[in-house]
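Each remark here refers to the structure printed beneath this line.
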Amino acid sequence: MLGGPDRWRFYRLVGREIARSVRAASARLTAPPDILARVRVTGLIIAPHDLRTSDATFADDIYAGLFVFAGRSLAVSGGSPFDYTPPSPEWAEVLYGFGWLRHLRAADTALARANARAFVADFIAGRGDPALARPTPVAARRLISFLSQSPLVLEGADRTFYQNFLRNLAKSARELEHDLRQGVPPQWRLLAAVALCYAGLCCDGIQPILKRATRILSRELDRQIMADGGHRSRDPRFAMELLLDLLPLRQSYLSRSVDPPEALLRAIDRMLPLLRLLRHADASLSHFNGMGATAADHLATLLVYDGTLAQPLMHAPLSGYERLEGGRLVVVADVGAPPPLAFSRNACAGTLSFEMSSGPQRIVVNCGLPESGAELRRLARSTPAHSTASVADASSSHVLAGTGWWGERAAADWVSRRLGPILLHGPSEVKSERFTDAGAEVLAARHDGYVRDHGIVHERRWRLIGAEGRLEGEDAFLRAGNRHRPEEVAIRFHLHPSIVISPGPEGGLALALPLGEVWDFRAEGADVAIEESVYFAGLSGARRTDQIALHLRVGEGARVSWSFSRRAAAPAA
C-alpha cells in the first residue's frame with residue numbers, strides 16, 4: 001500500500017506517462033511518411049567492428065546443444081533454441097540479441113559459419129517468440145549484431161538467404177524507427193538511435209535514415225550523458241555497454257568519410273574517465289546501481305581508448321560517485337541521489353555505500369546485481385545488500401510495487417511494463433564534501449532517505465590514510481521530523497568471498513586476504529557480529545560470503561566509529 005507522498009508521486013508519474021503516450025500518438029498521426037517504407041536495403045557496404053571480446057570455446061557448447069546466457073543454461077539436444085521456453089527473461093534477451101554470434105566467428109570454422117547461418121535463418125523464418133524479440137533494446141542489439149557479424153553469416157550463403165537477410169535488416173530498422181515515434185523510455189531511445197546510425201552507415205539503400213538518426217543520437221547523448229561523464233541512470237554497466245557500441249560507431253562514420261557528430265565525440269571523451277573512477281585494481285567496476293560481474297576484457301579494451309592514462313577521475317559530483325586513493329588503498333563511494341524515475345529501472349538503494357580494495361584484492365563490496373532472477377535482483381537492489389546503514393531493515397529507496405485497489409495495481413503494472421521496476425521514492429537530499437586533513441583524504445556525506453518513515457538522517461564520514469594503510473569511518477544517525485521512536489539500525493560491510501574473517505585481538509576482527517595481507521577491523525558504539533551474505537557479482541554466479549554487521553538501537557541519536565587497518569606484516573603461516 002502506498003503512503004500519501006508516494007501515492008501522489010505515483011499519480012504524477014502515471015500522468016506524465018499518459019501525456020507522453022498521447023504526444024507520441026499525436027506525433028505519429030502528423031508525422032511524414034516513413035522514409036524507410038519507400039526504400040529497401042540493397043546491399044552491405046561495411047561491417048562495423050565488434051569491440052566485445054569473443055571465446056571460440058563457446059562454439060563447442062553450441063555444437064553440444066548447450067546455450068549458456070545470463071547465468072542460465074538450456075540444452076536443446078540438437079534442436080533450435082528458439083523452439084524452447086527461455087529459462088529466464090534475461091537469457092531470452094541475450095538469445096534474441098544475437099551478440100553471441102561473435103563467439104562463433106572466433107571459432108573461424110566452416111561448421112561455426114554454417115551454425116551461425118542456420119540460427120539466423122531460423123529466426124528470420126519466424127521461429128521463436130516474436131514478443132521476446134520485439135523489445136527495443138533487444139531489436140537494437142540484434143540489428144547491430146547482424147551488421148557486425150555479417151561476414152560470418154554471409155560467407156558461403158546462397159542468394160535467397162542473402163536477400164532474406166537484407167530484408168530482415170530493413171524490417172528491424174523500420175521497427176526501431178517506429179519505436180522512436182512511439183515515445184519509448186529514454187535509454188531505449190538512445191539504443192535505437194545508435195542502431196539506426198549503424199544501419200544508415202552500413203547498408204546501401206537506406207542512407208536517408210542516417211541524417212535523422214544522427215540528429216536523434218546527438219540529442220539523446222547531450223541529454224543523457226552528464227558533464228562529468230556519467231549516464232543519467234548512474235548505471236556503470238549501461239555506460240560500459242554503450243561505450244562498446246559508441247567507439248565502433250565513431251570509426252564507422254570515419255570509414256564512410258562522414259564526420260561523426262560532435263555529441264558523439266564529447267560523450268566518448270567524458271565517459272571513459274568516469275569508468276576509471278569506478279575501476280578497482282582487479283580490473284572490475286564497483287557494484288553500484290545495476291553493476292554486476294565485470295567483463296574485465298571488455299573494460300580493458302575500452303580503457304585503451306582513454307587518452308588520460310595517468311590518473312583516474314576522483315570526483316564526479318553530477319554522477320554522485322567519489323574515489324579516495326592512497327598507496328595501495330582505493331575507496332569508491334556512492335554519494336548521489338537516485339536517478340530520475342525514467343532512468344531508475346536498475347538503480348539501487350545504496351546511498352552512502354562504498355567499496356574498498358587493497359591492490360588487486362577487493363575487501364569491502366556491495367552484493368552486486370545478479371544476471372537473472374527478478375526476486376534476486378529485487379533483493380540485490382535493497383539497502384541491506386549494500387555496504388551502508390539500513391534502518392529497521394528497510395531500504396532508503398523503494399521499488400514501485402503493486403498498490404491497494406485494483407485501479408492502482410493496474411496503473412502500476414502499466415508503468416512497470418513501460419519503464420521497468422523503477423525506484424518510486426528515495427532520498428530527496430544527498431549532500432557531500434571532500435577535503436584533506438593532516439595528510440588524510442576525507443569524504444563526508446549525508447542523506448534523508450529515512451526521514452519520512454523513521455525520522456532519521458544518516459551521515460557518514462570516510463577518512464583514508466593511505467600511507468598507513470588505514471580507513472577510518474563514522475556513521476551518525478540524527479533525529480529529524482516528527483518520528484522519535486527508537487529504531488533498530490544495522491551497518492553492514494559485505495566482504496569479498498575470498499576474505500577469511502575470524503576474531504582478532506582486543507575484541508576486533510581479523511581479515512585474511514589471499515595474497516597474504518591481514519587487516520584488522522574495529523568498531524565502537526555498536527555490537528559487532530559476523531553474518532552470512534551473498535555475492536551476486538561473481539563471474540561464476542552467486543557465491544556465499546560473510547558480512548560484518550554493526551547493530552544498534554537509535555533513540556535520540558547515535559554515532560558509531562569503525563576502522564579497517566592493515567597490519568605492518570602478515571603473521572607467519
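Residue numbers start at 1 in each chain; chains themselves are named A, B, ... in the order of the C-alpha cells; ligands are numbered from 1 in the order shown.
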Report the residues of stretch 408-485 of chain A whose backbone DSSP state falls under strand (DSSP E), written as a ChimeraX atom specification. /A:423-425,430-437,440-450,456-465,470-479
Any chance you could export the current selection's N, CA and C atoms as a compact mmCIF listing (two decimals), in the first residue's frame?
# COMPACT_ATOMS: atom_id res chain seq x y z
N LEU A 423 12.55 2.95 -9.30
CA LEU A 423 12.52 3.43 -7.92
C LEU A 423 11.50 4.55 -7.83
N LEU A 424 10.48 4.35 -7.00
CA LEU A 424 9.43 5.36 -6.88
C LEU A 424 9.81 6.45 -5.88
N HIS A 425 10.51 6.06 -4.82
CA HIS A 425 10.81 7.01 -3.76
C HIS A 425 12.20 6.77 -3.23
N VAL A 430 20.78 14.64 -0.92
CA VAL A 430 22.05 13.96 -0.64
C VAL A 430 23.16 14.98 -0.82
N LYS A 431 23.91 15.23 0.25
CA LYS A 431 24.98 16.22 0.21
C LYS A 431 26.31 15.55 0.52
N SER A 432 27.37 16.05 -0.09
CA SER A 432 28.69 15.50 0.18
C SER A 432 29.74 16.59 0.02
N GLU A 433 30.85 16.39 0.70
CA GLU A 433 32.01 17.26 0.56
C GLU A 433 33.27 16.43 0.80
N ARG A 434 34.38 16.87 0.22
CA ARG A 434 35.65 16.18 0.44
C ARG A 434 36.74 17.20 0.66
N PHE A 435 37.72 16.82 1.46
CA PHE A 435 38.82 17.73 1.77
C PHE A 435 39.99 16.91 2.29
N THR A 436 41.10 17.57 2.50
CA THR A 436 42.30 16.94 3.03
C THR A 436 42.52 17.41 4.46
N ASP A 437 42.84 16.47 5.35
CA ASP A 437 43.03 16.78 6.75
C ASP A 437 44.27 16.04 7.26
N ALA A 440 45.38 13.16 5.28
CA ALA A 440 44.37 12.15 5.01
C ALA A 440 43.31 12.71 4.06
N GLU A 441 42.78 11.85 3.18
CA GLU A 441 41.67 12.23 2.31
C GLU A 441 40.36 11.97 3.06
N VAL A 442 39.52 12.98 3.13
CA VAL A 442 38.27 12.87 3.89
C VAL A 442 37.09 13.12 2.97
N LEU A 443 36.09 12.26 3.08
CA LEU A 443 34.83 12.41 2.35
C LEU A 443 33.70 12.32 3.37
N ALA A 444 32.81 13.29 3.34
CA ALA A 444 31.66 13.31 4.26
C ALA A 444 30.39 13.47 3.44
N ALA A 445 29.33 12.74 3.83
CA ALA A 445 28.06 12.79 3.09
C ALA A 445 26.90 12.50 4.02
N ARG A 446 25.72 12.86 3.58
CA ARG A 446 24.51 12.60 4.36
C ARG A 446 23.33 12.45 3.42
N HIS A 447 22.28 11.73 3.86
CA HIS A 447 21.06 11.62 3.05
C HIS A 447 19.84 11.55 3.98
N ASP A 448 18.68 11.89 3.41
CA ASP A 448 17.44 11.96 4.20
C ASP A 448 16.45 10.86 3.81
N GLY A 449 16.95 9.74 3.28
CA GLY A 449 16.06 8.69 2.80
C GLY A 449 15.23 8.03 3.89
N TYR A 450 15.63 8.16 5.16
CA TYR A 450 14.89 7.55 6.26
C TYR A 450 14.11 8.57 7.10
N ILE A 456 15.01 9.72 10.73
CA ILE A 456 16.46 9.62 10.92
C ILE A 456 17.19 10.10 9.67
N VAL A 457 18.20 10.94 9.90
CA VAL A 457 19.14 11.35 8.86
C VAL A 457 20.42 10.54 9.05
N HIS A 458 20.93 9.96 7.96
CA HIS A 458 22.16 9.18 8.03
C HIS A 458 23.32 10.03 7.51
N GLU A 459 24.35 10.16 8.35
CA GLU A 459 25.58 10.82 7.95
C GLU A 459 26.72 9.81 8.00
N ARG A 460 27.63 9.91 7.03
CA ARG A 460 28.79 9.01 7.01
C ARG A 460 30.03 9.81 6.64
N ARG A 461 31.14 9.46 7.30
CA ARG A 461 32.43 10.10 7.02
C ARG A 461 33.49 9.02 6.81
N TRP A 462 34.24 9.15 5.73
CA TRP A 462 35.38 8.28 5.45
C TRP A 462 36.66 9.10 5.59
N ARG A 463 37.68 8.52 6.20
CA ARG A 463 38.99 9.19 6.33
C ARG A 463 40.06 8.18 5.92
N LEU A 464 40.65 8.41 4.77
CA LEU A 464 41.61 7.48 4.20
C LEU A 464 43.03 7.98 4.45
N ILE A 465 43.83 7.16 5.15
CA ILE A 465 45.24 7.47 5.42
C ILE A 465 46.05 6.44 4.65
N ARG A 470 45.10 2.62 6.13
CA ARG A 470 44.05 2.69 7.14
C ARG A 470 42.85 3.48 6.59
N LEU A 471 41.67 2.95 6.83
CA LEU A 471 40.42 3.65 6.53
C LEU A 471 39.63 3.78 7.82
N GLU A 472 39.36 5.01 8.22
CA GLU A 472 38.54 5.28 9.40
C GLU A 472 37.18 5.78 8.95
N GLY A 473 36.15 5.39 9.64
CA GLY A 473 34.81 5.81 9.27
C GLY A 473 33.97 6.13 10.48
N GLU A 474 32.94 6.91 10.25
CA GLU A 474 31.97 7.21 11.31
C GLU A 474 30.59 7.32 10.69
N ASP A 475 29.63 6.65 11.31
CA ASP A 475 28.23 6.76 10.91
C ASP A 475 27.47 7.44 12.03
N ALA A 476 26.73 8.49 11.67
CA ALA A 476 25.92 9.21 12.64
C ALA A 476 24.46 9.14 12.22
N PHE A 477 23.59 9.00 13.20
CA PHE A 477 22.14 8.91 12.96
C PHE A 477 21.48 10.01 13.77
N LEU A 478 20.98 11.01 13.06
CA LEU A 478 20.45 12.22 13.68
C LEU A 478 18.94 12.23 13.56
N ARG A 479 18.29 12.66 14.60
CA ARG A 479 16.84 12.71 14.61
C ARG A 479 16.33 13.92 13.84
Give me the residues of stretch 301-374 of chain A that have any atom at most 12 Å from an atom of stretch 91-102 of chain A; for each, the nearest atom pair and the distance in Å, rounded to one decimal. Use only C-alpha atoms, sort by chain and number, and format it as CSV.
residue,atom,partner,partner_atom,distance
A:Glu371,CA,A:Trp91,CA,8.7
A:Ser372,CA,A:Trp91,CA,7.5
A:Gly373,CA,A:Trp91,CA,10.0
With N, CA, C and O atoms retained, write the just-selected residues as an mmCIF file, in the first residue's frame.
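This went into part-v4.cif:
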data_model
loop_
_atom_site.group_PDB
_atom_site.id
_atom_site.type_symbol
_atom_site.label_atom_id
_atom_site.label_comp_id
_atom_site.auth_asym_id
_atom_site.auth_seq_id
_atom_site.Cartn_x
_atom_site.Cartn_y
_atom_site.Cartn_z
ATOM 1 N N GLU A 371 22.707 -11.697 -12.759
ATOM 2 C CA GLU A 371 22.376 -11.623 -14.181
ATOM 3 C C GLU A 371 20.920 -11.984 -14.450
ATOM 4 O O GLU A 371 20.319 -11.484 -15.396
ATOM 5 N N SER A 372 20.339 -12.858 -13.651
ATOM 6 C CA SER A 372 18.973 -13.313 -13.881
ATOM 7 C C SER A 372 18.247 -13.454 -12.554
ATOM 8 O O SER A 372 18.867 -13.578 -11.497
ATOM 9 N N GLY A 373 16.913 -13.446 -12.637
ATOM 10 C CA GLY A 373 16.088 -13.691 -11.461
ATOM 11 C C GLY A 373 15.469 -12.429 -10.911
ATOM 12 O O GLY A 373 16.163 -11.625 -10.279
#
Stretch 209-245 of chain A near stretch 50-60 of chain A within 12 Å: what's each residue's closest atom pair and its distance in Å to one decimal, counting only C-alpha atoms, ordered by chain then ascending residue number, as CSV?
residue,atom,partner,partner_atom,distance
A:Met240,CA,A:Arg52,CA,10.8
A:Glu241,CA,A:Arg52,CA,9.1
A:Leu242,CA,A:Leu51,CA,11.3
A:Leu243,CA,A:Leu51,CA,9.5
A:Leu244,CA,A:Leu51,CA,6.0
A:Asp245,CA,A:Leu51,CA,7.8
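Counting only C-alpha atoms and comparing A:Gly541, A:Gln149, A:Ala121, A:Arg345, the residue that lies closest to A:Arg105 is A:Gln149.
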Any idea what's packed within 9 Å of stretch 135-141 of chain A, counting only C-alpha atoms, ignoring anything in its chain fewer than 4 positions away? Could you give it as a list in words? Glu93, Val94, Tyr96, Gly97, Phe98, Gly99, Ala131, Ser145, Phe146, Ser172, Ala173, Glu175, Leu176, Asp179, Val184, Gln187, Trp188, Arg189, Leu191, Ala192, Ala193, Val194, Ala195 and Leu196 of chain A
Do you know which residues are at most 12 Å from A:Leu299 counting only C-alpha atoms, after dropping those on the same chain fewer than 2 positions away, and could you put them as a PyMOL selection string? chain A and resi 51-53+236-237+239-244+272-273+275-276+278-285+293-297+301-306
May I have the residues from that selection written out with N, CA and C atoms, as an mmCIF file, in the first residue's frame?
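For reference, part21.cif as written:
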data_model
loop_
_atom_site.group_PDB
_atom_site.id
_atom_site.type_symbol
_atom_site.label_atom_id
_atom_site.label_comp_id
_atom_site.auth_asym_id
_atom_site.auth_seq_id
_atom_site.Cartn_x
_atom_site.Cartn_y
_atom_site.Cartn_z
ATOM 1 N N LEU A 51 33.819 -4.585 -30.571
ATOM 2 C CA LEU A 51 34.864 -4.495 -29.558
ATOM 3 C C LEU A 51 34.738 -5.557 -28.475
ATOM 4 N N ARG A 52 33.580 -6.181 -28.382
ATOM 5 C CA ARG A 52 33.393 -7.197 -27.344
ATOM 6 C C ARG A 52 34.249 -8.417 -27.673
ATOM 7 N N THR A 53 35.022 -8.842 -26.699
ATOM 8 C CA THR A 53 35.905 -9.980 -26.931
ATOM 9 C C THR A 53 35.085 -11.255 -27.082
ATOM 10 N N PRO A 236 26.793 1.820 -14.103
ATOM 11 C CA PRO A 236 28.081 1.616 -14.774
ATOM 12 C C PRO A 236 28.016 0.581 -15.895
ATOM 13 N N ARG A 237 27.179 -0.433 -15.724
ATOM 14 C CA ARG A 237 27.104 -1.468 -16.764
ATOM 15 C C ARG A 237 26.501 -0.901 -18.045
ATOM 16 N N ALA A 239 26.637 2.168 -19.019
ATOM 17 C CA ALA A 239 27.639 3.060 -19.604
ATOM 18 C C ALA A 239 28.715 2.267 -20.336
ATOM 19 N N MET A 240 29.157 1.171 -19.746
ATOM 20 C CA MET A 240 30.200 0.364 -20.382
ATOM 21 C C MET A 240 29.692 -0.259 -21.682
ATOM 22 N N GLU A 241 28.479 -0.821 -21.654
ATOM 23 C CA GLU A 241 27.916 -1.423 -22.865
ATOM 24 C C GLU A 241 27.685 -0.368 -23.945
ATOM 25 N N LEU A 242 27.258 0.823 -23.537
ATOM 26 C CA LEU A 242 27.046 1.897 -24.505
ATOM 27 C C LEU A 242 28.353 2.291 -25.174
ATOM 28 N N LEU A 243 29.422 2.410 -24.396
ATOM 29 C CA LEU A 243 30.714 2.766 -24.971
ATOM 30 C C LEU A 243 31.215 1.712 -25.949
ATOM 31 N N LEU A 244 30.930 0.439 -25.670
ATOM 32 C CA LEU A 244 31.346 -0.622 -26.584
ATOM 33 C C LEU A 244 30.664 -0.503 -27.940
ATOM 34 N N LEU A 272 34.834 7.773 -20.664
ATOM 35 C CA LEU A 272 35.967 6.900 -20.357
ATOM 36 C C LEU A 272 36.617 7.221 -19.014
ATOM 37 N N PRO A 273 36.890 8.500 -18.676
ATOM 38 C CA PRO A 273 37.490 8.777 -17.361
ATOM 39 C C PRO A 273 36.600 8.363 -16.190
ATOM 40 N N LEU A 275 34.724 5.722 -16.018
ATOM 41 C CA LEU A 275 34.924 4.296 -15.798
ATOM 42 C C LEU A 275 36.188 4.048 -14.977
ATOM 43 N N ARG A 276 37.210 4.870 -15.189
ATOM 44 C CA ARG A 276 38.420 4.731 -14.379
ATOM 45 C C ARG A 276 38.150 5.056 -12.915
ATOM 46 N N LEU A 278 35.487 4.394 -11.279
ATOM 47 C CA LEU A 278 34.770 3.274 -10.697
ATOM 48 C C LEU A 278 35.576 1.979 -10.706
ATOM 49 N N ARG A 279 36.738 1.977 -11.323
ATOM 50 C CA ARG A 279 37.515 0.752 -11.514
ATOM 51 C C ARG A 279 38.421 0.482 -10.321
ATOM 52 N N HIS A 280 38.467 -0.778 -9.909
ATOM 53 C CA HIS A 280 39.421 -1.226 -8.907
ATOM 54 C C HIS A 280 40.605 -1.892 -9.604
ATOM 55 N N ALA A 281 41.664 -2.151 -8.839
ATOM 56 C CA ALA A 281 42.886 -2.694 -9.430
ATOM 57 C C ALA A 281 42.729 -4.127 -9.903
ATOM 58 N N ASP A 282 41.642 -4.794 -9.536
ATOM 59 C CA ASP A 282 41.410 -6.151 -10.055
ATOM 60 C C ASP A 282 40.710 -6.120 -11.399
ATOM 61 N N ALA A 283 40.657 -4.931 -12.027
ATOM 62 C CA ALA A 283 40.086 -4.752 -13.371
ATOM 63 C C ALA A 283 38.575 -4.948 -13.399
ATOM 64 N N SER A 284 37.897 -4.659 -12.298
ATOM 65 C CA SER A 284 36.438 -4.728 -12.279
ATOM 66 C C SER A 284 35.880 -3.413 -11.769
ATOM 67 N N LEU A 285 34.624 -3.148 -12.110
ATOM 68 C CA LEU A 285 33.957 -1.912 -11.708
ATOM 69 C C LEU A 285 33.231 -2.099 -10.384
ATOM 70 N N ALA A 293 28.690 -8.575 -12.411
ATOM 71 C CA ALA A 293 30.039 -9.034 -12.755
ATOM 72 C C ALA A 293 30.592 -8.213 -13.916
ATOM 73 N N THR A 294 31.858 -7.851 -13.818
ATOM 74 C CA THR A 294 32.523 -7.073 -14.861
ATOM 75 C C THR A 294 33.226 -7.995 -15.845
ATOM 76 N N ALA A 295 32.974 -7.790 -17.119
ATOM 77 C CA ALA A 295 33.766 -8.464 -18.144
ATOM 78 C C ALA A 295 35.086 -7.703 -18.249
ATOM 79 N N ALA A 296 36.102 -8.185 -17.531
ATOM 80 C CA ALA A 296 37.352 -7.436 -17.405
ATOM 81 C C ALA A 296 37.999 -7.182 -18.757
ATOM 82 N N ASP A 297 37.861 -8.120 -19.689
ATOM 83 C CA ASP A 297 38.459 -7.924 -21.006
ATOM 84 C C ASP A 297 37.763 -6.795 -21.757
ATOM 85 N N THR A 301 39.600 -3.306 -22.873
ATOM 86 C CA THR A 301 39.529 -2.843 -24.263
ATOM 87 C C THR A 301 39.103 -1.388 -24.330
ATOM 88 N N LEU A 302 38.114 -1.028 -23.528
ATOM 89 C CA LEU A 302 37.636 0.356 -23.533
ATOM 90 C C LEU A 302 38.709 1.322 -23.052
ATOM 91 N N LEU A 303 39.388 0.968 -21.979
ATOM 92 C CA LEU A 303 40.321 1.907 -21.375
ATOM 93 C C LEU A 303 41.550 2.140 -22.242
ATOM 94 N N VAL A 304 41.796 1.267 -23.212
ATOM 95 C CA VAL A 304 42.864 1.524 -24.171
ATOM 96 C C VAL A 304 42.587 2.809 -24.948
ATOM 97 N N TYR A 305 41.300 3.131 -25.118
ATOM 98 C CA TYR A 305 40.916 4.311 -25.892
ATOM 99 C C TYR A 305 40.953 5.593 -25.061
ATOM 100 N N ASP A 306 41.219 5.470 -23.753
ATOM 101 C CA ASP A 306 41.211 6.643 -22.882
ATOM 102 C C ASP A 306 42.557 7.345 -22.985
#
Spatial neighbours of stretch 530-535 of chain A, 10 Å, only C-alpha atoms, chain gap at least 2 places, as a PyMOL selection string: chain A and resi 292-293+365-370+380+384-385+492-497+501-503+509+528+537-538+541-550
Polymer residues at most 12 Å from A:Ser255, only C-alpha atoms, same-chain spacing of 4 or more positions, as a list in words: Ile45, Ile46, Ala47, Pro48, His49, Tyr198, Leu201, Cys202, Pro248, Leu249, Arg250, Gln251, Asp259 and Pro260 of chain A
Selected residues written out, N, CA and C atoms, as an mmCIF file, in the first residue's frame:
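Result went into selection08.cif, see below:
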data_model
loop_
_atom_site.group_PDB
_atom_site.id
_atom_site.type_symbol
_atom_site.label_atom_id
_atom_site.label_comp_id
_atom_site.auth_asym_id
_atom_site.auth_seq_id
_atom_site.Cartn_x
_atom_site.Cartn_y
_atom_site.Cartn_z
ATOM 1 N N ILE A 45 27.628 -2.264 -47.112
ATOM 2 C CA ILE A 45 28.809 -1.510 -47.522
ATOM 3 C C ILE A 45 29.986 -1.815 -46.609
ATOM 4 N N ILE A 46 29.771 -1.746 -45.317
ATOM 5 C CA ILE A 46 30.821 -2.050 -44.346
ATOM 6 C C ILE A 46 30.229 -2.908 -43.233
ATOM 7 N N ALA A 47 31.102 -3.591 -42.526
ATOM 8 C CA ALA A 47 30.710 -4.335 -41.320
ATOM 9 C C ALA A 47 31.447 -3.703 -40.153
ATOM 10 N N PRO A 48 30.744 -3.094 -39.215
ATOM 11 C CA PRO A 48 31.420 -2.427 -38.098
ATOM 12 C C PRO A 48 32.167 -3.421 -37.229
ATOM 13 N N HIS A 49 33.197 -2.926 -36.590
ATOM 14 C CA HIS A 49 33.999 -3.765 -35.704
ATOM 15 C C HIS A 49 33.259 -3.982 -34.389
ATOM 16 N N TYR A 198 24.073 2.948 -37.156
ATOM 17 C CA TYR A 198 24.829 1.844 -37.756
ATOM 18 C C TYR A 198 24.192 1.416 -39.075
ATOM 19 N N LEU A 201 24.830 3.805 -41.910
ATOM 20 C CA LEU A 201 26.218 3.818 -42.371
ATOM 21 C C LEU A 201 26.606 2.529 -43.093
ATOM 22 N N CYS A 202 26.012 1.418 -42.691
ATOM 23 C CA CYS A 202 26.469 0.110 -43.184
ATOM 24 C C CYS A 202 25.661 -0.428 -44.356
ATOM 25 N N PRO A 248 33.019 1.871 -31.883
ATOM 26 C CA PRO A 248 32.991 1.408 -33.289
ATOM 27 C C PRO A 248 32.090 2.280 -34.172
ATOM 28 N N LEU A 249 31.057 2.883 -33.581
ATOM 29 C CA LEU A 249 30.206 3.762 -34.381
ATOM 30 C C LEU A 249 31.000 4.973 -34.858
ATOM 31 N N ARG A 250 31.822 5.524 -33.985
ATOM 32 C CA ARG A 250 32.685 6.639 -34.391
ATOM 33 C C ARG A 250 33.569 6.226 -35.554
ATOM 34 N N GLN A 251 34.142 5.038 -35.480
ATOM 35 C CA GLN A 251 35.004 4.573 -36.561
ATOM 36 C C GLN A 251 34.209 4.321 -37.837
ATOM 37 N N ASP A 259 31.682 12.950 -41.123
ATOM 38 C CA ASP A 259 32.133 13.490 -39.837
ATOM 39 C C ASP A 259 31.235 12.974 -38.710
ATOM 40 N N PRO A 260 31.802 12.367 -37.678
ATOM 41 C CA PRO A 260 30.979 11.942 -36.543
ATOM 42 C C PRO A 260 30.376 13.168 -35.858
#
